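> To start, I am sharing the structure in question, which I have written as structure tokens.
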Amino acid sequence: DAKTTQPNSMESNEEEPVHLPCNHSTISGTDYIHWYRQLPSQGPEYVIHGLTSNVNNRMASLAIAEDRKSSTLILHRATLRDAAVYYCILRDRVTGGGADGLTFGKGTHLIIQP
Amino acid sequence: SAVISQKPSRDICQRGTSLTIQCQVDSQVTMMFWYRQQPGQSLTLIATANQGSEATYESGFVIDKFPISRPNLTFSTLTVSNMSPEDSSIYLCSVNGFYGYTFGSGTRLTVV
């Protein structure tokens, strides 16, 4: 899987939008961009994924650059409960299936201030 | 998405002993994955367990140290053998599904 680069940590205020960047300059044409987050004392959970177009779901939005070399996870209105480590992961398939696990980078530790 | 129950949630063990971690899924899955998360670190894949065949281990992990069982499509165990303090970590199991991978809440192991 191609490598991703994320800031070690970011800080935001509660009820404000948060933009979490991810650089993936070596992304291949078949790589999907996945985001997971790990809340304190829990296992990671799926957030969102995309290939080329921007994506929205109930948790977040994913904005993908036109050249696909970077992406941004957007939390529209952060709450204290969104404090977690956010991982940007590339995989050459959509969510389901496959015989291989995920390769986690260091992720971004998101701190939310009340 | 699948619901995973992992036991125990935490344990403190003496060095030289072994601990078996159980992972129960509420639906049948082909593949189950085991990860290790060392203190302050990210997750590292240990092995992939496919029902009916031997687990496939990632580089740096061996079957003698981390034997895995996969007796049916909803259950797997990971044993951490002959433990040392360096094995103190969180161990997590995971399955993949339509909406992405689901993880158990982990087993926090402390070896003293």
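Each chain in the structure tokens gets a letter, A, B, ..., in the order shown, and its residues are numbered from 1; ligands are numbered from 1 in order too.
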Write out as number ranges by chain all residues of chain B that backbone DSSP assigns to strand (DSSP E).
B: 4-7, 10-13, 19-25, 31-37, 43-50, 56-57, 68-72, 75-80, 89-97, 100-103, 107-111
> Hey, could you make a per-residue contact list for chain A against chain B with 12 Å as the cut-off, showing the nearest pair of atoms and its distance in Å to one decimal, counting only C-alpha atoms, sorted by chain and number, as a tab-separated table?

```
residue	atom	partner	partner_atom	distance
A:Asn8	CA	B:Gln41	CA	11.8
A:Tyr32	CA	B:Gly100	CA	11.9
A:Ile33	CA	B:Gly100	CA	11.8
A:His34	CA	B:Gly100	CA	8.8
A:Trp35	CA	B:Gly100	CA	9.7
A:Tyr36	CA	B:Tyr101	CA	9.0
A:Arg37	CA	B:Phe103	CA	11.1
A:Gln38	CA	B:Ser42	CA	9.9
A:Leu39	CA	B:Ser105	CA	10.1
A:Pro40	CA	B:Ser105	CA	10.2
A:Ser41	CA	B:Ser105	CA	7.3
A:Gln42	CA	B:Ser105	CA	4.8
A:Gly43	CA	B:Ser105	CA	4.7
A:Pro44	CA	B:Phe103	CA	6.1
A:Glu45	CA	B:Thr102	CA	6.3
A:Tyr46	CA	B:Gly100	CA	5.9
A:Val47	CA	B:Gly100	CA	8.7
A:Ile48	CA	B:Gly100	CA	8.7
A:His49	CA	B:Gly100	CA	8.8
A:Gly50	CA	B:Gly100	CA	12.0
A:Asn57	CA	B:Tyr99	CA	11.9
A:Val85	CA	B:Ser42	CA	9.3
A:Tyr86	CA	B:Ser42	CA	10.6
A:Tyr87	CA	B:Ser42	CA	9.3
A:Ile89	CA	B:Gly100	CA	11.8
A:Arg91	CA	B:Gly100	CA	11.3
A:Arg93	CA	B:Gly100	CA	10.7
A:Val94	CA	B:Gly100	CA	8.2
A:Thr95	CA	B:Gly100	CA	4.5
A:Gly96	CA	B:Phe98	CA	4.3
A:Gly97	CA	B:Asn96	CA	6.5
A:Gly98	CA	B:Asn96	CA	8.0
A:Ala99	CA	B:Met31	CA	6.6
A:Asp100	CA	B:Thr48	CA	7.2
A:Gly101	CA	B:Phe33	CA	6.4
A:Leu102	CA	B:Leu45	CA	7.3
A:Thr103	CA	B:Thr44	CA	7.1
A:Phe104	CA	B:Leu43	CA	5.9
A:Gly105	CA	B:Ser42	CA	6.5
A:Lys106	CA	B:Ser42	CA	5.5
A:Gly107	CA	B:Ser42	CA	7.7
A:Thr108	CA	B:Ser42	CA	10.6
A:His109	CA	B:Gly40	CA	11.1
```
> Which residue, B:Thr110, B:Ser27, B:Gln51, B:Thr17, has the smallest gap to Ser1 in chain B when you use only C-alpha atoms?
B:Ser27
> Calculate how many Å separate CA of Pro67 in chain B from CA of Gln28 in chain B, rounding to one decimal.
21.4 Å
